[in-house]
Amino acid sequence: MEGADGPGDARRALGRLVEAVLASRGEANAVFDILAVLQSEDQEEIQEAVHACSRLFGALLARGELFVGQLPSEEMVLTGSRGATRKYKVWMRHRYQSCCNRLGELLAHPSFQVKELALSTLMKFVQLEGEHPLEKPKYEGNYLFPHQLFRLVVGGLLSPEEDRSLLLSQFREYLEHDDIRYHTMQAASDTVARATDGRPEVPLTFWNNAFMLLSSVSLPRQESTLSSFYVKHTELSDKWKVVHLKEHRKAFQQMWLRFLKHQLPLRICKKVLVIMHDSILPHLAQPSLMIDFLTRAYDIGGAVSLLALNGLFILIHKHNLEYPDFYRKLYGLLNPSVFHVKYRARFFHLADLFLSSSHLPAYLVAAFAKRLARLALTAPPEALLMVLPFICNLLRRHPACRVLMHRPRGPELDADPYDPAEEDPAQSRALESSLWELQALQQHYHPEVSKAASAINQTLSVPEVSIAPLLEVTAFEIFERDLKKKGPGSVPLEFIPARGLLGRREDLCAQHFTLS
């Protein structure tokens with residue numbers, strides 16, 4: 001700012017300009033000087049200008065000195081024959097609009113302090129515009145909210161060029177208010193729906209920003225809690241959609257459906273699936289609408305399929321989803337990599353639930369038990385300590401499969417009828433085979449694995465063994481546990497105690513050597 005030697009001088013100069021504009025309409029042109037400082041290259045001057053604009057337009061909004069209604073063009077009003085007061089309000093409303101647009105641009109400023117200040121100022125204007133609307137109500141008691149201004153804020157947060165995670169973390173505090181959360185869902189839904197308009201490829205940065213914003217939205221469990229409003233109202237009307245949890249659920253559902261309809265990057269898809277069962281499905285108005293996304297994810301294979309299992313389980317168990325060939329695809333997920341993926345514990349927990357029904361056919365359960373036993377031959381010890389009790393539990397639930405444990409006239413190993421390459425468990429011929437793999441694992445180098453594999457040598461106990469404590473066992477934990485074990489005392493090396501340095505008299509050493 002010209003004539004200002006430092007931040008203090010700029011603050012005082014801007015303060016005088018604000019006082020002049022608020023004191024007299026004749027000094028209105030001083031607004032241009034304030035807005036000019038917003039364009040400065042100096043970070044401290046920008047911050048002072050933002051504070052000045054916040055004070056100036058906050059006061060003008062509260063005093064009702066901005067034009068209310070559909071804003072006409074500035075040239076049309078100034079050249080017309082309308083009164084001076086109307087011309088002033090229209091002119092000042094345009095200056096206010098210019099200020100908000102510039103604050104939206106400052107959300108991309110290199111300095112985080114400037115970004116944070118611009119965000120808080122815009123949200124202050126949102127609150128003031130809500131309390132002093134700049135549009136005329138269509139009827140008495142009509143709910144008004146500054147949608148245009150708020151979309152500017154949400155659009156700035158969902159930048160396709162820059163990671164806005166820090167700014168989004170600051171925005172989370174506003175999402176605690178019910179009205180802000182509701183309008184955030186609507187604005188984000190519109191922005192995400194237009195993400196691919198005119199773009200051959202959407203940058204990963206946009207999807208990261210969008211996921212962070214969407215995942216920050218958390219709905220209340222009960223409708224009675226919808227009373228925390230950022231924009232203060234003297235009385236809440238039951239006719240307003242924003243006060244009903246049902247409408248919040250609809251907006252939440254539309255927001256996620258519009259996001260998930262896009263071809264998302266694989267890493268974003270994984271992040272969505274991780275929170276799907278806990279943070280998305282319970283809040284949807286119609287959870288069954290997620291079937292398409294979850295089945296597409298389940299068909300991808302690998303870790304994505306493992307993560308999709310959680311959401312599919314909820315839809316199958318609670319919403320009566322019929323998924324053809326579900327167990328065939330679950331069977332296809334059993335490969336050597338399943339013991340090494342990050343989500344191993346979640347997968348086996350869900351697989352245990354899916355195979356818990358006693359109404360499953362014996363050939364299907366036998367196929368799963370045999371496939372797991374075959375994979376166990378090359379699995380690490382920490383996985384074996386969980387897989388072996390898992391197989392034994394399958395045999396406990398389904399007595400018809402216990403023939404796999406004892407088949408005295410079974411074929412030789414080189415003639416095992418089980419086909420590990422068969423994708424259909426019904427055609428794998430597992431029920432004609434035996435679990436010879438478990439007998440082989442009884443010779444495992446780790447004693448705990450050997451002990452777990454020896455469980456088939458005795459009659460299986462009726463109560464199942466809980467695999468929950470074993471799901472998260474790691475190689476480090478096994479190693480630490482082995483280190484803490486106390487070994488036996490001194491190990492005897494001879495059955496006759498030695499006497500003297502050279503041993504007993506009849507020893508060969510004592511016969512040929514003597515101490516002198």
# chains A, B, ... in the order shown; residues from 1 in each chain; ligands from 1

call {"tool": "residues_around", "arguments": {"residues": "Thr191 of chain A", "least_positions_apart": "4", "cutoff": "7 Å", "atoms": "only C-alpha atoms", "output": "list of chain:residue names"}}
result
A:Gly155, A:Ala187, A:Ala195

call {"tool": "write_last_selection", "arguments": {"atoms": "N, CA and C atoms", "output": "PDB file, in the first residue's frame"}}
result
ATOM      1  N   GLY A 155     -16.292 -24.749  -3.789  1.00  0.00           N
ATOM      2  CA  GLY A 155     -15.518 -24.859  -5.020  1.00  0.00           C
ATOM      3  C   GLY A 155     -14.045 -24.567  -4.813  1.00  0.00           C
ATOM      4  N   ALA A 187     -23.657 -28.671  -2.157  1.00  0.00           N
ATOM      5  CA  ALA A 187     -22.662 -27.980  -2.990  1.00  0.00           C
ATOM      6  C   ALA A 187     -21.609 -28.960  -3.495  1.00  0.00           C
ATOM      7  N   ALA A 195     -17.414 -32.681 -12.360  1.00  0.00           N
ATOM      8  CA  ALA A 195     -15.956 -32.825 -12.310  1.00  0.00           C
ATOM      9  C   ALA A 195     -15.363 -33.134 -13.676  1.00  0.00           C
TER      10      ALA A 195
END

call {"tool": "closest_residue", "arguments": {"among": "A:Glu506, A:Phe229, A:Glu235, A:Thr85", "to": "Leu175 of chain A", "atoms": "only C-alpha atoms"}}
result
A:Phe229

call {"tool": "residues_around", "arguments": {"residues": "Arg25 of chain A", "least_positions_apart": "6", "cutoff": "12 Å", "atoms": "only C-alpha atoms", "output": "list of chain:residue names"}}
result
A:Val18, A:Glu19, A:Val31, A:Leu60, A:Glu65, A:Ala84, A:Thr85, A:Lys87, A:Tyr88, A:Lys89, A:Trp91, A:Met92

call {"tool": "closest_residue", "arguments": {"among": "A:Gly26, A:Pro381, A:Pro417, A:Pro492", "to": "Ala475 of chain A", "atoms": "only C-alpha atoms"}}
result
A:Pro381

call {"tool": "residues_around", "arguments": {"residues": "Ser279 of chain A", "least_positions_apart": "3", "cutoff": "8 Å", "atoms": "only C-alpha atoms", "output": "list in words"}}
result
Ser215, Ser218, Ile275, Met276, Pro282 and His283 of chain A

call {"tool": "write_last_selection", "arguments": {"atoms": "N, CA and C atoms", "output": "PDB file, in the first residue's frame"}}
result
ATOM      1  N   SER A 215     -15.655 -37.510   3.182  1.00  0.00           N
ATOM      2  CA  SER A 215     -15.474 -38.395   4.340  1.00  0.00           C
ATOM      3  C   SER A 215     -15.531 -37.634   5.663  1.00  0.00           C
ATOM      4  N   SER A 218     -20.322 -36.350   8.635  1.00  0.00           N
ATOM      5  CA  SER A 218     -20.851 -37.412   9.489  1.00  0.00           C
ATOM      6  C   SER A 218     -22.232 -37.001   9.988  1.00  0.00           C
ATOM      7  N   ILE A 275     -14.022 -47.199   4.507  1.00  0.00           N
ATOM      8  CA  ILE A 275     -14.998 -46.539   5.388  1.00  0.00           C
ATOM      9  C   ILE A 275     -16.444 -46.869   5.005  1.00  0.00           C
ATOM     10  N   MET A 276     -16.644 -47.670   3.941  1.00  0.00           N
ATOM     11  CA  MET A 276     -17.987 -47.915   3.425  1.00  0.00           C
ATOM     12  C   MET A 276     -18.922 -48.494   4.481  1.00  0.00           C
ATOM     13  N   PRO A 282     -24.460 -46.946   6.855  1.00  0.00           N
ATOM     14  CA  PRO A 282     -25.472 -46.721   7.911  1.00  0.00           C
ATOM     15  C   PRO A 282     -26.257 -45.428   7.760  1.00  0.00           C
ATOM     16  N   HIS A 283     -25.745 -44.459   6.974  1.00  0.00           N
ATOM     17  CA  HIS A 283     -26.397 -43.158   6.875  1.00  0.00           C
ATOM     18  C   HIS A 283     -27.170 -42.959   5.575  1.00  0.00           C
TER      19      HIS A 283
END

call {"tool": "residues_around", "arguments": {"residues": "Trp240 of chain A", "least_positions_apart": "2", "cutoff": "12 Å", "atoms": "only C-alpha atoms", "output": "list in words"}}
result
Gly141, Asn142, Tyr143, Leu144, Phe145, Asp179, Tyr182, Leu226, Glu235, Leu236, Ser237, Asp238, Val242, Val243, His244, Leu245, Lys246, Glu247 and His248 of chain A

call {"tool": "residues_around", "arguments": {"residues": "Leu350 of chain A", "least_positions_apart": "5", "cutoff": "8 Å", "atoms": "only C-alpha atoms", "output": "PDB file with all heavy atoms, in the first residue's frame"}}
result
ATOM      1  N   LEU A 309     -15.755 -56.774   0.351  1.00  0.00           N
ATOM      2  CA  LEU A 309     -16.492 -57.811   1.078  1.00  0.00           C
ATOM      3  C   LEU A 309     -17.297 -57.245   2.244  1.00  0.00           C
ATOM      4  O   LEU A 309     -18.412 -57.693   2.510  1.00  0.00           O
ATOM      5  CB  LEU A 309     -15.516 -58.859   1.613  1.00  0.00           C
ATOM      6  CG  LEU A 309     -15.172 -60.032   0.686  1.00  0.00           C
ATOM      7  CD1 LEU A 309     -14.153 -60.921   1.360  1.00  0.00           C
ATOM      8  CD2 LEU A 309     -16.412 -60.814   0.337  1.00  0.00           C
ATOM      9  N   ASN A 310     -16.727 -56.275   2.951  1.00  0.00           N
ATOM     10  CA  ASN A 310     -17.402 -55.736   4.135  1.00  0.00           C
ATOM     11  C   ASN A 310     -18.747 -55.129   3.773  1.00  0.00           C
ATOM     12  O   ASN A 310     -19.769 -55.398   4.408  1.00  0.00           O
ATOM     13  CB  ASN A 310     -16.506 -54.669   4.786  1.00  0.00           C
ATOM     14  CG  ASN A 310     -16.317 -54.933   6.261  1.00  0.00           C
ATOM     15  OD1 ASN A 310     -17.121 -55.613   6.887  1.00  0.00           O
ATOM     16  ND2 ASN A 310     -15.270 -54.407   6.833  1.00  0.00           N
ATOM     17  N   PHE A 313     -21.235 -57.756   2.605  1.00  0.00           N
ATOM     18  CA  PHE A 313     -21.769 -58.537   3.719  1.00  0.00           C
ATOM     19  C   PHE A 313     -22.953 -57.819   4.362  1.00  0.00           C
ATOM     20  O   PHE A 313     -23.979 -58.444   4.669  1.00  0.00           O
ATOM     21  CB  PHE A 313     -20.683 -58.778   4.762  1.00  0.00           C
ATOM     22  CG  PHE A 313     -21.200 -59.405   6.025  1.00  0.00           C
ATOM     23  CD1 PHE A 313     -21.563 -60.738   6.049  1.00  0.00           C
ATOM     24  CD2 PHE A 313     -21.362 -58.654   7.182  1.00  0.00           C
ATOM     25  CE1 PHE A 313     -22.058 -61.319   7.204  1.00  0.00           C
ATOM     26  CE2 PHE A 313     -21.856 -59.222   8.342  1.00  0.00           C
ATOM     27  CZ  PHE A 313     -22.207 -60.560   8.356  1.00  0.00           C
TER      28      PHE A 313
END

call {"tool": "closest_residue", "arguments": {"among": "A:Val272, A:Leu312, A:Ala452, A:Val473", "to": "Asp299 of chain A", "atoms": "only C-alpha atoms"}}
result
A:Leu312

call {"tool": "atom_distance", "arguments": {"atom1": "atom CA of Gly130 of chain A", "atom2": "atom CA of Arg55 of chain A"}}
result
16.9 Å

call {"tool": "residues_around", "arguments": {"residues": "Ile478 of chain A", "least_positions_apart": "2", "cutoff": "12 Å", "atoms": "only C-alpha atoms", "output": "VMD selection string"}}
result
chain A and resid 380 to 385 446 to 449 470 472 to 476 480 to 485

call {"tool": "atom_distance", "arguments": {"atom1": "atom CA of Ser24 of chain A", "atom2": "atom CA of Ala52 of chain A"}}
result
16.6 Å

call {"tool": "select_by_dssp", "arguments": {"residues": "segment 90-143 of chain A", "states": "alpha helix (DSSP H)", "output": "VMD selection string"}}
result
chain A and resid 90 to 106 112 to 131

call {"tool": "write_last_selection", "arguments": {"atoms": "N, CA and C atoms", "output": "mmCIF file, in the first residue's frame"}}
result
data_model
loop_
_atom_site.group_PDB
_atom_site.id
_atom_site.type_symbol
_atom_site.label_atom_id
_atom_site.label_comp_id
_atom_site.auth_asym_id
_atom_site.auth_seq_id
_atom_site.Cartn_x
_atom_site.Cartn_y
_atom_site.Cartn_z
ATOM 1 N N VAL A 90 -26.900 -0.865 -4.964
ATOM 2 C CA VAL A 90 -26.524 -1.747 -6.062
ATOM 3 C C VAL A 90 -25.015 -1.681 -6.297
ATOM 4 N N TRP A 91 -24.476 -0.472 -6.293
ATOM 5 C CA TRP A 91 -23.046 -0.278 -6.518
ATOM 6 C C TRP A 91 -22.230 -0.962 -5.422
ATOM 7 N N MET A 92 -22.646 -0.790 -4.168
ATOM 8 C CA MET A 92 -21.917 -1.397 -3.054
ATOM 9 C C MET A 92 -22.063 -2.929 -3.064
ATOM 10 N N ARG A 93 -23.211 -3.423 -3.538
ATOM 11 C CA ARG A 93 -23.392 -4.875 -3.639
ATOM 12 C C ARG A 93 -22.411 -5.451 -4.664
ATOM 13 N N HIS A 94 -22.165 -4.737 -5.741
ATOM 14 C CA HIS A 94 -21.180 -5.193 -6.724
ATOM 15 C C HIS A 94 -19.774 -5.203 -6.125
ATOM 16 N N ARG A 95 -19.475 -4.192 -5.284
ATOM 17 C CA ARG A 95 -18.157 -4.173 -4.643
ATOM 18 C C ARG A 95 -18.018 -5.363 -3.667
ATOM 19 N N TYR A 96 -19.109 -5.663 -2.983
ATOM 20 C CA TYR A 96 -19.115 -6.802 -2.072
ATOM 21 C C TYR A 96 -18.889 -8.106 -2.847
ATOM 22 N N GLN A 97 -19.514 -8.205 -4.007
ATOM 23 C CA GLN A 97 -19.344 -9.390 -4.846
ATOM 24 C C GLN A 97 -17.893 -9.513 -5.325
ATOM 25 N N SER A 98 -17.288 -8.377 -5.686
ATOM 26 C CA SER A 98 -15.881 -8.388 -6.098
ATOM 27 C C SER A 98 -14.987 -8.844 -4.954
ATOM 28 N N CYS A 99 -15.310 -8.388 -3.744
ATOM 29 C CA CYS A 99 -14.536 -8.779 -2.564
ATOM 30 C C CYS A 99 -14.621 -10.286 -2.337
ATOM 31 N N CYS A 100 -15.827 -10.857 -2.428
ATOM 32 C CA CYS A 100 -16.005 -12.299 -2.205
ATOM 33 C C CYS A 100 -15.272 -13.107 -3.262
ATOM 34 N N ASN A 101 -15.320 -12.651 -4.509
ATOM 35 C CA ASN A 101 -14.607 -13.364 -5.575
ATOM 36 C C ASN A 101 -13.102 -13.370 -5.325
ATOM 37 N N ARG A 102 -12.590 -12.225 -4.857
ATOM 38 C CA ARG A 102 -11.163 -12.154 -4.565
ATOM 39 C C ARG A 102 -10.797 -13.041 -3.374
ATOM 40 N N LEU A 103 -11.667 -13.091 -2.371
ATOM 41 C CA LEU A 103 -11.414 -13.972 -1.231
ATOM 42 C C LEU A 103 -11.408 -15.432 -1.681
ATOM 43 N N GLY A 104 -12.277 -15.773 -2.639
ATOM 44 C CA GLY A 104 -12.269 -17.121 -3.192
ATOM 45 C C GLY A 104 -10.959 -17.439 -3.885
ATOM 46 N N GLU A 105 -10.387 -16.440 -4.584
ATOM 47 C CA GLU A 105 -9.088 -16.628 -5.231
ATOM 48 C C GLU A 105 -7.975 -16.801 -4.202
ATOM 49 N N LEU A 106 -8.119 -16.113 -3.052
ATOM 50 C CA LEU A 106 -7.079 -16.195 -2.013
ATOM 51 C C LEU A 106 -7.042 -17.558 -1.333
ATOM 52 N N PHE A 112 -0.467 -20.294 3.885
ATOM 53 C CA PHE A 112 -1.610 -20.921 4.549
ATOM 54 C C PHE A 112 -2.331 -19.936 5.460
ATOM 55 N N GLN A 113 -1.591 -18.974 6.054
ATOM 56 C CA GLN A 113 -2.238 -17.987 6.907
ATOM 57 C C GLN A 113 -3.265 -17.165 6.119
ATOM 58 N N VAL A 114 -2.914 -16.819 4.873
ATOM 59 C CA VAL A 114 -3.845 -16.073 4.030
ATOM 60 C C VAL A 114 -5.046 -16.943 3.677
ATOM 61 N N LYS A 115 -4.797 -18.195 3.326
ATOM 62 C CA LYS A 115 -5.897 -19.113 3.002
ATOM 63 C C LYS A 115 -6.866 -19.240 4.173
ATOM 64 N N GLU A 116 -6.301 -19.462 5.341
ATOM 65 C CA GLU A 116 -7.128 -19.664 6.534
ATOM 66 C C GLU A 116 -7.950 -18.422 6.845
ATOM 67 N N LEU A 117 -7.339 -17.245 6.706
ATOM 68 C CA LEU A 117 -8.042 -15.998 6.973
ATOM 69 C C LEU A 117 -9.145 -15.766 5.938
ATOM 70 N N ALA A 118 -8.847 -16.068 4.670
ATOM 71 C CA ALA A 118 -9.860 -15.911 3.620
ATOM 72 C C ALA A 118 -11.045 -16.839 3.862
ATOM 73 N N LEU A 119 -10.766 -18.076 4.286
ATOM 74 C CA LEU A 119 -11.844 -19.030 4.565
ATOM 75 C C LEU A 119 -12.722 -18.560 5.717
ATOM 76 N N SER A 120 -12.097 -18.122 6.811
ATOM 77 C CA SER A 120 -12.876 -17.674 7.969
ATOM 78 C C SER A 120 -13.694 -16.430 7.638
ATOM 79 N N THR A 121 -13.156 -15.542 6.791
ATOM 80 C CA THR A 121 -13.888 -14.331 6.404
ATOM 81 C C THR A 121 -15.085 -14.683 5.527
ATOM 82 N N LEU A 122 -14.878 -15.582 4.572
ATOM 83 C CA LEU A 122 -15.988 -16.009 3.724
ATOM 84 C C LEU A 122 -17.087 -16.675 4.548
ATOM 85 N N MET A 123 -16.693 -17.489 5.525
ATOM 86 C CA MET A 123 -17.702 -18.148 6.369
ATOM 87 C C MET A 123 -18.410 -17.132 7.265
ATOM 88 N N LYS A 124 -17.719 -16.060 7.637
ATOM 89 C CA LYS A 124 -18.384 -14.989 8.386
ATOM 90 C C LYS A 124 -19.442 -14.321 7.515
ATOM 91 N N PHE A 125 -19.105 -14.096 6.237
ATOM 92 C CA PHE A 125 -20.073 -13.510 5.317
ATOM 93 C C PHE A 125 -21.258 -14.445 5.087
ATOM 94 N N VAL A 126 -20.985 -15.758 5.045
ATOM 95 C CA VAL A 126 -22.077 -16.733 4.910
ATOM 96 C C VAL A 126 -23.047 -16.598 6.076
ATOM 97 N N GLN A 127 -22.506 -16.469 7.274
ATOM 98 C CA GLN A 127 -23.352 -16.334 8.458
ATOM 99 C C GLN A 127 -24.156 -15.038 8.427
ATOM 100 N N LEU A 128 -23.489 -13.944 8.058
ATOM 101 C CA LEU A 128 -24.176 -12.652 8.020
ATOM 102 C C LEU A 128 -25.218 -12.593 6.905
ATOM 103 N N GLU A 129 -24.896 -13.172 5.744
ATOM 104 C CA GLU A 129 -25.878 -13.198 4.656
ATOM 105 C C GLU A 129 -27.076 -14.062 5.028
ATOM 106 N N GLY A 130 -26.834 -15.112 5.798
ATOM 107 C CA GLY A 130 -27.955 -15.933 6.238
ATOM 108 C C GLY A 130 -28.867 -15.180 7.189
ATOM 109 N N GLU A 131 -28.276 -14.361 8.045
ATOM 110 C CA GLU A 131 -29.066 -13.580 8.998
ATOM 111 C C GLU A 131 -29.678 -12.347 8.349
#

call {"tool": "atom_distance", "arguments": {"atom1": "atom CA of Phe211 of chain A", "atom2": "atom CA of Ile268 of chain A"}}
result
7.4 Å
